[in-house]
Amino acid sequence: MTRETVCVSRRTLLGWVASGAAAWALPAALRAATVGERSLAFVHTHTGESGRITYWAEGDYLADGLAALRRLLRDHYSGDEHAIDVQLLDCLHRVHATLDTTEPFHVISGYRSPETNAALAARSGGIAQRSLHMLGQAIDVRIPGRSLASLRDSALALRAGGVGYYAGPDFVHIDVGRVRRW
């Protein structure tokens with residue numbers, strides 16, 4: 001098979017997926033990757049806000065869902081909002097699926113503005129000066145009915161980024177930075 005033939009085949013395949021035509025002819029695994037939806041449910045422990053938000057459907061990230069997540073996961077100290085990295089959302093979706101629960105994530109901290117991060121770092125140890133929370137790439141969560149250890153282990157198994165275990169404050173930190181644990 002020549003390189004040109006592969007390119008034509010890819011273009012044809014992408015055309016089918018984009019148009020929806022002949023989707024039945026695609027292999028089941030490929031069809032599954034382009035159909036369906038991804039939703040996440042959260043309860044923010046500081047604001048009391050909650051919601052189940054669909055952020056991806058039929059192969060695309062949804063602007064309305066991403067905006068709703070941006071609002072829900074905002075800096076609860078300042079009210080500042082920031083885009084939440086879709087890799088983090090997908091990681092949370094996979095973690096939730098592996099834990100086989102319908103319970104929402106309880107959010108301790110989502111996005112943090114640089115000002116909030118600096119204030120928290122000045123008050124207590126353990127707050128990174130260059131925290132991925134400031135980039136919308138980290139979240140601190142727990143799930144009712146699931147142990148912190150099982151939440152931590154599910155996140156670690158994905159090898160999608162950093163995972164911190166905080167038994168005392170009762171949360172697991174999950175980020176999409178380099179793979180590491182603490």
# chains A, B, ... in the order shown; residues from 1 in each chain; ligands from 1
call {"tool": "residues_around", "arguments": {"residues": "stretch 148-163 of chain A", "least_positions_apart": "3", "cutoff": "7 Å", "atoms": "only C-alpha atoms", "output": "PyMOL selection string"}}
result
chain A and resi 91+95+98+142+171-182
call {"tool": "select_by_dssp", "arguments": {"residues": "stretch 8-150 of chain A", "states": "alpha helix (DSSP H)", "output": "PyMOL selection string"}}
result
chain A and resi 8-19+28-34+63-72+86-99+114-123+148-150
call {"tool": "residues_around", "arguments": {"residues": "stretch 103-109 of chain A", "least_positions_apart": "6", "cutoff": "12 Å", "atoms": "only C-alpha atoms", "output": "compact mmCIF listing (two decimals) with all heavy atoms, in the first residue's frame"}}
result
# COMPACT_ATOMS: atom_id res chain seq x y z
N SER A 39 -20.29 13.06 30.32
CA SER A 39 -20.83 14.00 31.31
C SER A 39 -20.09 13.81 32.62
O SER A 39 -19.58 12.73 32.91
CB SER A 39 -22.32 13.74 31.54
OG SER A 39 -23.05 13.91 30.36
N LEU A 40 -20.07 14.86 33.40
CA LEU A 40 -19.50 14.81 34.74
C LEU A 40 -20.48 15.47 35.70
O LEU A 40 -21.10 16.48 35.36
CB LEU A 40 -18.16 15.54 34.80
CG LEU A 40 -17.00 14.87 34.07
CD1 LEU A 40 -15.83 15.83 33.92
CD2 LEU A 40 -16.57 13.61 34.81
N ALA A 41 -20.59 14.91 36.90
CA ALA A 41 -21.44 15.49 37.94
C ALA A 41 -20.55 15.96 39.08
O ALA A 41 -19.63 15.25 39.50
CB ALA A 41 -22.45 14.47 38.43
N PHE A 42 -20.84 17.17 39.56
CA PHE A 42 -20.05 17.78 40.62
C PHE A 42 -20.95 18.39 41.68
O PHE A 42 -22.05 18.86 41.38
CB PHE A 42 -19.18 18.92 40.08
CG PHE A 42 -18.10 18.50 39.13
CD1 PHE A 42 -18.23 18.73 37.77
CD2 PHE A 42 -16.93 17.89 39.58
CE1 PHE A 42 -17.24 18.36 36.88
CE2 PHE A 42 -15.93 17.52 38.70
CZ PHE A 42 -16.08 17.75 37.35
N VAL A 43 -20.45 18.41 42.90
CA VAL A 43 -20.98 19.23 43.98
C VAL A 43 -19.79 20.03 44.49
O VAL A 43 -18.78 19.44 44.89
CB VAL A 43 -21.57 18.38 45.13
CG1 VAL A 43 -21.96 19.26 46.31
CG2 VAL A 43 -22.75 17.56 44.65
N HIS A 44 -19.90 21.35 44.45
CA HIS A 44 -18.78 22.17 44.94
C HIS A 44 -18.96 22.38 46.43
O HIS A 44 -19.97 22.94 46.87
CB HIS A 44 -18.73 23.52 44.21
CG HIS A 44 -17.39 24.16 44.31
ND1 HIS A 44 -16.86 24.61 45.51
CD2 HIS A 44 -16.45 24.42 43.36
CE1 HIS A 44 -15.66 25.11 45.30
NE2 HIS A 44 -15.39 25.00 44.01
N THR A 45 -18.01 21.90 47.21
CA THR A 45 -18.16 21.91 48.67
C THR A 45 -18.14 23.31 49.27
O THR A 45 -18.62 23.49 50.39
CB THR A 45 -17.06 21.06 49.34
OG1 THR A 45 -15.77 21.62 49.02
CG2 THR A 45 -17.11 19.61 48.87
N HIS A 46 -17.62 24.30 48.57
CA HIS A 46 -17.53 25.66 49.11
C HIS A 46 -18.70 26.54 48.66
O HIS A 46 -19.12 27.42 49.41
CB HIS A 46 -16.20 26.31 48.73
CG HIS A 46 -15.03 25.62 49.33
ND1 HIS A 46 -14.69 25.74 50.66
CD2 HIS A 46 -14.14 24.75 48.80
CE1 HIS A 46 -13.63 25.00 50.91
NE2 HIS A 46 -13.27 24.38 49.80
N THR A 47 -19.21 26.33 47.46
CA THR A 47 -20.29 27.19 46.96
C THR A 47 -21.66 26.53 47.09
O THR A 47 -22.68 27.21 47.00
CB THR A 47 -20.07 27.56 45.48
OG1 THR A 47 -20.19 26.37 44.68
CG2 THR A 47 -18.70 28.22 45.27
N GLY A 48 -21.67 25.20 47.24
CA GLY A 48 -22.94 24.47 47.29
C GLY A 48 -23.54 24.22 45.93
O GLY A 48 -24.56 23.55 45.80
N GLU A 49 -22.92 24.75 44.88
CA GLU A 49 -23.43 24.55 43.53
C GLU A 49 -23.20 23.11 43.09
O GLU A 49 -22.23 22.47 43.50
CB GLU A 49 -22.74 25.49 42.55
CG GLU A 49 -23.04 26.95 42.82
CD GLU A 49 -22.14 27.86 42.02
OE1 GLU A 49 -20.90 27.79 42.19
OE2 GLU A 49 -22.68 28.65 41.23
N SER A 50 -24.10 22.63 42.26
CA SER A 50 -23.96 21.27 41.76
C SER A 50 -24.54 21.20 40.36
O SER A 50 -25.29 22.07 39.93
CB SER A 50 -24.67 20.29 42.69
OG SER A 50 -26.05 20.55 42.72
N GLY A 51 -24.19 20.14 39.68
CA GLY A 51 -24.73 19.92 38.36
C GLY A 51 -24.09 18.74 37.67
O GLY A 51 -22.98 18.34 37.99
N ARG A 52 -24.87 18.20 36.76
CA ARG A 52 -24.36 17.16 35.86
C ARG A 52 -24.27 17.83 34.50
O ARG A 52 -25.27 18.31 33.97
CB ARG A 52 -25.30 15.96 35.82
CG ARG A 52 -24.83 14.88 34.87
CD ARG A 52 -25.73 13.65 34.95
NE ARG A 52 -25.23 12.60 34.12
CZ ARG A 52 -24.18 11.82 34.38
NH1 ARG A 52 -23.54 11.97 35.52
NH2 ARG A 52 -23.80 10.89 33.55
N ILE A 53 -23.07 17.87 33.96
CA ILE A 53 -22.81 18.66 32.76
C ILE A 53 -22.24 17.77 31.67
O ILE A 53 -21.23 17.09 31.87
CB ILE A 53 -21.85 19.82 33.08
CG1 ILE A 53 -22.49 20.73 34.14
CG2 ILE A 53 -21.49 20.60 31.82
CD1 ILE A 53 -21.53 21.68 34.80
N LEU A 69 -18.84 24.19 33.00
CA LEU A 69 -17.80 23.64 33.87
C LEU A 69 -16.83 24.74 34.31
O LEU A 69 -16.40 24.77 35.47
CB LEU A 69 -17.05 22.51 33.17
CG LEU A 69 -17.86 21.23 33.05
CD1 LEU A 69 -17.21 20.27 32.06
CD2 LEU A 69 -18.02 20.58 34.41
N LEU A 72 -18.72 26.45 37.14
CA LEU A 72 -18.85 25.62 38.34
C LEU A 72 -17.52 25.42 39.05
O LEU A 72 -17.45 25.40 40.28
CB LEU A 72 -19.47 24.26 37.98
CG LEU A 72 -19.72 23.31 39.13
CD1 LEU A 72 -20.77 23.86 40.08
CD2 LEU A 72 -20.16 21.95 38.61
N LEU A 73 -16.43 25.29 38.28
CA LEU A 73 -15.11 24.99 38.85
C LEU A 73 -14.26 26.25 39.03
O LEU A 73 -13.05 26.16 39.21
CB LEU A 73 -14.39 23.95 37.99
CG LEU A 73 -15.12 22.62 37.86
CD1 LEU A 73 -14.37 21.68 36.91
CD2 LEU A 73 -15.35 21.97 39.22
N ARG A 74 -14.91 27.41 39.05
CA ARG A 74 -14.20 28.68 39.19
C ARG A 74 -13.52 28.79 40.56
O ARG A 74 -13.81 28.03 41.48
CB ARG A 74 -15.16 29.85 39.00
CG ARG A 74 -16.14 30.03 40.14
CD ARG A 74 -17.22 31.06 39.81
NE ARG A 74 -18.18 31.21 40.88
CZ ARG A 74 -19.20 30.40 41.10
NH1 ARG A 74 -19.38 29.34 40.33
NH2 ARG A 74 -20.04 30.62 42.10
N ASP A 75 -12.66 29.79 40.69
CA ASP A 75 -12.01 30.11 41.96
C ASP A 75 -13.10 30.58 42.92
O ASP A 75 -13.69 31.65 42.72
CB ASP A 75 -10.97 31.20 41.73
CG ASP A 75 -10.19 31.59 42.97
OD1 ASP A 75 -10.75 31.51 44.09
OD2 ASP A 75 -9.03 32.00 42.82
N HIS A 76 -13.38 29.80 43.94
CA HIS A 76 -14.49 30.15 44.84
C HIS A 76 -14.14 31.30 45.78
O HIS A 76 -15.02 31.87 46.41
CB HIS A 76 -14.97 28.93 45.63
CG HIS A 76 -13.96 28.37 46.57
ND1 HIS A 76 -13.02 27.45 46.18
CD2 HIS A 76 -13.74 28.60 47.88
CE1 HIS A 76 -12.27 27.12 47.21
NE2 HIS A 76 -12.68 27.80 48.26
N TYR A 77 -12.88 31.69 45.86
CA TYR A 77 -12.49 32.85 46.66
C TYR A 77 -12.75 34.15 45.90
O TYR A 77 -13.32 35.09 46.43
CB TYR A 77 -11.01 32.78 47.05
CG TYR A 77 -10.69 31.70 48.04
CD1 TYR A 77 -10.16 30.48 47.61
CD2 TYR A 77 -10.89 31.89 49.41
CE1 TYR A 77 -9.85 29.49 48.52
CE2 TYR A 77 -10.59 30.89 50.32
CZ TYR A 77 -10.07 29.69 49.87
OH TYR A 77 -9.77 28.71 50.77
N LEU A 89 -10.81 16.90 32.20
CA LEU A 89 -12.21 16.44 32.18
C LEU A 89 -12.29 14.99 31.73
O LEU A 89 -13.00 14.17 32.35
CB LEU A 89 -13.05 17.33 31.28
CG LEU A 89 -13.11 18.81 31.69
CD1 LEU A 89 -13.85 19.61 30.64
CD2 LEU A 89 -13.71 18.99 33.07
N LEU A 92 -11.06 12.72 34.51
CA LEU A 92 -12.09 12.56 35.54
C LEU A 92 -13.20 11.62 35.07
O LEU A 92 -13.70 10.79 35.84
CB LEU A 92 -12.68 13.92 35.93
CG LEU A 92 -11.76 14.85 36.70
CD1 LEU A 92 -12.39 16.23 36.81
CD2 LEU A 92 -11.41 14.28 38.06
N HIS A 93 -13.56 11.74 33.81
CA HIS A 93 -14.60 10.87 33.25
C HIS A 93 -14.16 9.41 33.33
O HIS A 93 -14.93 8.53 33.72
CB HIS A 93 -14.89 11.29 31.80
CG HIS A 93 -16.03 10.56 31.19
ND1 HIS A 93 -15.86 9.44 30.41
CD2 HIS A 93 -17.37 10.77 31.27
CE1 HIS A 93 -17.04 9.00 30.03
NE2 HIS A 93 -17.97 9.78 30.53
N VAL A 95 -11.83 8.12 35.37
CA VAL A 95 -11.74 7.74 36.78
C VAL A 95 -13.12 7.37 37.31
O VAL A 95 -13.30 6.34 37.95
CB VAL A 95 -11.11 8.87 37.63
CG1 VAL A 95 -11.35 8.65 39.12
CG2 VAL A 95 -9.62 8.99 37.35
N HIS A 96 -14.09 8.21 37.03
CA HIS A 96 -15.45 7.97 37.52
C HIS A 96 -15.98 6.64 36.98
O HIS A 96 -16.60 5.87 37.71
CB HIS A 96 -16.36 9.13 37.12
CG HIS A 96 -17.61 9.21 37.92
ND1 HIS A 96 -18.78 8.63 37.51
CD2 HIS A 96 -17.87 9.80 39.11
CE1 HIS A 96 -19.71 8.86 38.41
NE2 HIS A 96 -19.18 9.58 39.40
N ALA A 97 -15.73 6.37 35.71
CA ALA A 97 -16.21 5.12 35.10
C ALA A 97 -15.58 3.90 35.76
O ALA A 97 -16.25 2.89 35.98
CB ALA A 97 -15.93 5.12 33.60
N THR A 116 -5.14 33.97 44.44
CA THR A 116 -5.63 33.02 45.44
C THR A 116 -4.57 32.00 45.77
O THR A 116 -4.34 31.67 46.94
CB THR A 116 -6.91 32.32 44.94
OG1 THR A 116 -7.95 33.29 44.83
CG2 THR A 116 -7.36 31.22 45.87
N ASN A 117 -3.89 31.49 44.76
CA ASN A 117 -2.85 30.49 44.99
C ASN A 117 -1.75 31.05 45.87
O ASN A 117 -1.29 30.39 46.81
CB ASN A 117 -2.29 29.99 43.66
CG ASN A 117 -1.57 28.67 43.81
OD1 ASN A 117 -2.18 27.64 44.00
ND2 ASN A 117 -0.23 28.72 43.76
N LEU A 120 -3.03 31.34 49.49
CA LEU A 120 -3.08 30.02 50.13
C LEU A 120 -1.68 29.51 50.46
O LEU A 120 -1.46 28.93 51.52
CB LEU A 120 -3.82 29.02 49.23
CG LEU A 120 -5.32 29.25 49.05
CD1 LEU A 120 -5.87 28.31 47.99
CD2 LEU A 120 -6.06 29.10 50.37
N ILE A 127 1.20 24.08 49.11
CA ILE A 127 0.59 24.72 47.94
C ILE A 127 1.73 25.07 46.98
O ILE A 127 2.61 25.87 47.31
CB ILE A 127 -0.20 26.00 48.31
CG1 ILE A 127 -1.25 25.71 49.38
CG2 ILE A 127 -0.81 26.62 47.06
CD1 ILE A 127 -2.40 24.86 48.93
N SER A 131 1.25 26.03 40.73
CA SER A 131 0.20 25.02 40.76
C SER A 131 -0.53 24.92 39.43
O SER A 131 -0.86 25.93 38.80
CB SER A 131 -0.81 25.37 41.86
OG SER A 131 -1.93 24.53 41.78
N LEU A 132 -0.81 23.68 39.04
CA LEU A 132 -1.58 23.45 37.81
C LEU A 132 -3.04 23.87 37.99
O LEU A 132 -3.77 24.00 36.99
CB LEU A 132 -1.46 22.00 37.38
CG LEU A 132 -0.06 21.60 36.93
CD1 LEU A 132 0.00 20.10 36.60
CD2 LEU A 132 0.39 22.41 35.73
N HIS A 133 -3.48 24.11 39.22
CA HIS A 133 -4.81 24.68 39.44
C HIS A 133 -4.94 26.02 38.70
O HIS A 133 -6.01 26.36 38.21
CB HIS A 133 -5.07 24.90 40.93
CG HIS A 133 -5.36 23.65 41.70
ND1 HIS A 133 -6.62 23.10 41.77
CD2 HIS A 133 -4.55 22.86 42.46
CE1 HIS A 133 -6.57 22.02 42.54
NE2 HIS A 133 -5.32 21.84 42.96
N MET A 134 -3.85 26.78 38.63
CA MET A 134 -3.88 28.10 37.99
C MET A 134 -4.01 28.02 36.48
O MET A 134 -4.28 29.03 35.83
CB MET A 134 -2.62 28.89 38.36
CG MET A 134 -2.50 29.19 39.84
SD MET A 134 -1.09 30.25 40.25
CE MET A 134 0.30 29.29 39.69
N GLY A 136 -6.06 25.56 35.12
CA GLY A 136 -7.26 24.75 34.87
C GLY A 136 -6.91 23.31 34.55
O GLY A 136 -7.65 22.60 33.89
N GLN A 137 -5.75 22.86 35.05
CA GLN A 137 -5.27 21.51 34.77
C GLN A 137 -5.21 20.62 36.01
O GLN A 137 -4.60 19.55 35.97
CB GLN A 137 -3.88 21.58 34.12
CG GLN A 137 -3.88 22.25 32.78
CD GLN A 137 -2.50 22.34 32.18
OE1 GLN A 137 -1.48 22.31 32.88
NE2 GLN A 137 -2.44 22.43 30.87
N ALA A 138 -5.84 21.07 37.11
CA ALA A 138 -5.81 20.28 38.35
C ALA A 138 -7.11 20.48 39.11
O ALA A 138 -7.77 21.51 38.98
CB ALA A 138 -4.63 20.71 39.22
N ILE A 139 -7.45 19.47 39.90
CA ILE A 139 -8.65 19.53 40.72
C ILE A 139 -8.43 18.68 41.97
O ILE A 139 -7.69 17.69 41.92
CB ILE A 139 -9.87 19.03 39.91
CG1 ILE A 139 -11.18 19.36 40.62
CG2 ILE A 139 -9.76 17.54 39.59
CD1 ILE A 139 -12.42 19.21 39.71
N ASP A 140 -9.05 19.10 43.07
CA ASP A 140 -9.01 18.33 44.31
C ASP A 140 -10.43 17.84 44.57
O ASP A 140 -11.37 18.66 44.64
CB ASP A 140 -8.55 19.20 45.48
CG ASP A 140 -7.14 19.77 45.29
OD1 ASP A 140 -6.35 19.14 44.55
OD2 ASP A 140 -6.85 20.82 45.87
N VAL A 141 -10.60 16.51 44.69
CA VAL A 141 -11.94 15.92 44.76
C VAL A 141 -12.00 14.73 45.71
O VAL A 141 -10.97 14.17 46.10
CB VAL A 141 -12.43 15.45 43.37
CG1 VAL A 141 -12.68 16.61 42.43
CG2 VAL A 141 -11.45 14.46 42.74
N ARG A 142 -13.21 14.34 46.01
CA ARG A 142 -13.52 13.07 46.66
C ARG A 142 -14.86 12.61 46.09
O ARG A 142 -15.57 13.39 45.43
CB ARG A 142 -13.56 13.20 48.18
CG ARG A 142 -14.63 14.13 48.69
CD ARG A 142 -14.62 14.18 50.23
NE ARG A 142 -15.36 15.32 50.71
CZ ARG A 142 -14.84 16.42 51.22
NH1 ARG A 142 -13.53 16.56 51.31
NH2 ARG A 142 -15.61 17.39 51.64
N ILE A 143 -15.22 11.36 46.32
CA ILE A 143 -16.49 10.81 45.86
C ILE A 143 -17.15 10.09 47.02
O ILE A 143 -16.57 9.14 47.57
CB ILE A 143 -16.32 9.83 44.67
CG1 ILE A 143 -15.69 10.54 43.47
CG2 ILE A 143 -17.67 9.23 44.28
CD1 ILE A 143 -15.44 9.63 42.28
N PRO A 144 -18.34 10.53 47.42
CA PRO A 144 -19.04 9.84 48.51
C PRO A 144 -19.22 8.35 48.18
O PRO A 144 -19.51 7.99 47.04
CB PRO A 144 -20.40 10.54 48.59
CG PRO A 144 -20.18 11.86 47.93
CD PRO A 144 -19.12 11.64 46.89
N GLY A 145 -19.02 7.52 49.19
CA GLY A 145 -19.20 6.08 49.01
C GLY A 145 -18.01 5.37 48.40
O GLY A 145 -18.04 4.15 48.24
N ARG A 146 -16.97 6.10 48.07
CA ARG A 146 -15.74 5.50 47.56
C ARG A 146 -14.58 5.97 48.43
O ARG A 146 -14.49 7.14 48.78
CB ARG A 146 -15.47 5.88 46.09
CG ARG A 146 -16.51 5.35 45.11
CD ARG A 146 -16.49 3.82 45.08
NE ARG A 146 -17.42 3.27 44.13
CZ ARG A 146 -18.62 2.80 44.44
NH1 ARG A 146 -19.05 2.85 45.68
NH2 ARG A 146 -19.41 2.28 43.52
N LEU A 148 -10.90 7.17 49.57
CA LEU A 148 -9.87 8.00 48.93
C LEU A 148 -8.83 7.11 48.26
O LEU A 148 -8.33 7.45 47.19
CB LEU A 148 -9.17 8.90 49.95
CG LEU A 148 -9.92 10.11 50.45
CD1 LEU A 148 -9.03 10.92 51.40
CD2 LEU A 148 -10.41 10.98 49.31
N LEU A 151 -10.09 6.02 44.89
CA LEU A 151 -10.05 7.16 43.97
C LEU A 151 -8.62 7.42 43.52
O LEU A 151 -8.34 7.56 42.32
CB LEU A 151 -10.65 8.39 44.66
CG LEU A 151 -10.62 9.72 43.90
CD1 LEU A 151 -11.30 9.62 42.55
CD2 LEU A 151 -11.26 10.81 44.75
N TYR A 166 -4.42 13.05 50.04
CA TYR A 166 -4.51 13.88 51.24
C TYR A 166 -5.57 13.30 52.16
O TYR A 166 -6.73 13.73 52.14
CB TYR A 166 -4.84 15.32 50.85
CG TYR A 166 -3.75 15.98 50.04
CD1 TYR A 166 -3.73 15.91 48.66
CD2 TYR A 166 -2.71 16.66 50.68
CE1 TYR A 166 -2.73 16.50 47.91
CE2 TYR A 166 -1.69 17.25 49.94
CZ TYR A 166 -1.71 17.17 48.56
OH TYR A 166 -0.70 17.75 47.84
N PRO A 169 -7.12 16.07 55.04
CA PRO A 169 -8.13 16.98 54.50
C PRO A 169 -9.21 16.27 53.66
O PRO A 169 -10.16 16.91 53.22
CB PRO A 169 -7.35 17.95 53.63
CG PRO A 169 -5.91 17.69 53.87
CD PRO A 169 -5.78 16.34 54.51
N ASP A 170 -9.03 14.96 53.43
CA ASP A 170 -10.05 14.14 52.77
C ASP A 170 -10.28 14.49 51.29
O ASP A 170 -11.40 14.76 50.87
CB ASP A 170 -11.37 14.22 53.54
CG ASP A 170 -12.38 13.16 53.11
OD1 ASP A 170 -11.95 12.08 52.67
OD2 ASP A 170 -13.59 13.43 53.19
N PHE A 171 -9.19 14.47 50.51
CA PHE A 171 -9.34 14.65 49.07
C PHE A 171 -8.16 14.03 48.33
O PHE A 171 -7.12 13.76 48.91
CB PHE A 171 -9.53 16.12 48.67
CG PHE A 171 -8.32 17.00 48.87
CD1 PHE A 171 -7.31 17.08 47.90
CD2 PHE A 171 -8.19 17.78 50.01
CE1 PHE A 171 -6.21 17.90 48.07
CE2 PHE A 171 -7.09 18.61 50.19
CZ PHE A 171 -6.10 18.67 49.22
N VAL A 172 -8.37 13.86 47.03
CA VAL A 172 -7.32 13.42 46.11
C VAL A 172 -7.12 14.53 45.09
O VAL A 172 -8.10 15.05 44.53
CB VAL A 172 -7.68 12.09 45.42
CG1 VAL A 172 -6.66 11.74 44.34
CG2 VAL A 172 -7.77 10.96 46.44
N HIS A 173 -5.88 14.90 44.89
CA HIS A 173 -5.51 15.87 43.86
C HIS A 173 -5.26 15.10 42.57
O HIS A 173 -4.52 14.11 42.57
CB HIS A 173 -4.24 16.63 44.28
CG HIS A 173 -3.62 17.43 43.18
ND1 HIS A 173 -3.87 18.77 43.02
CD2 HIS A 173 -2.78 17.07 42.18
CE1 HIS A 173 -3.20 19.22 41.97
NE2 HIS A 173 -2.53 18.19 41.44
N ILE A 174 -5.86 15.56 41.47
CA ILE A 174 -5.65 14.94 40.16
C ILE A 174 -5.28 16.06 39.19
O ILE A 174 -5.96 17.09 39.13
CB ILE A 174 -6.91 14.21 39.65
CG1 ILE A 174 -7.32 13.10 40.64
CG2 ILE A 174 -6.70 13.66 38.24
CD1 ILE A 174 -8.66 12.47 40.35
N ASP A 175 -4.20 15.87 38.45
CA ASP A 175 -3.83 16.87 37.44
C ASP A 175 -3.36 16.18 36.17
O ASP A 175 -3.17 14.97 36.14
CB ASP A 175 -2.80 17.87 37.98
CG ASP A 175 -1.41 17.29 38.20
OD1 ASP A 175 -0.86 16.62 37.30
OD2 ASP A 175 -0.84 17.52 39.30
call {"tool": "select_by_dssp", "arguments": {"residues": "chain A", "states": "strand (DSSP E or B)", "output": "number ranges by chain"}}
result
A: 37-44, 50-57, 60-61, 105-109, 138-142, 162-166, 171-175, 180-181
call {"tool": "closest_residue", "arguments": {"among": "A:Ala83, A:Gly168, A:Asp90, A:Asp100", "to": "A:Leu135", "atoms": "only C-alpha atoms"}}
result
A:Ala83
call {"tool": "atom_distance", "arguments": {"atom1": "atom CA of A:Ser78", "atom2": "atom CA of A:Ser113"}}
result
7.6 Å
call {"tool": "residues_around", "arguments": {"residues": "A:Gly36", "least_positions_apart": "6", "cutoff": "8 Å", "atoms": "only C-alpha atoms", "output": "list of chain:residue names"}}
result
A:Ala57, A:Glu58, A:Gly59
call {"tool": "closest_residue", "arguments": {"among": "A:Tyr55, A:Leu66, A:Thr101, A:Gly110", "to": "A:Gly79", "atoms": "only C-alpha atoms"}}
result
A:Gly110
call {"tool": "atom_distance", "arguments": {"atom1": "atom CA of A:Arg123", "atom2": "atom CA of A:Leu88"}}
result
26.9 Å
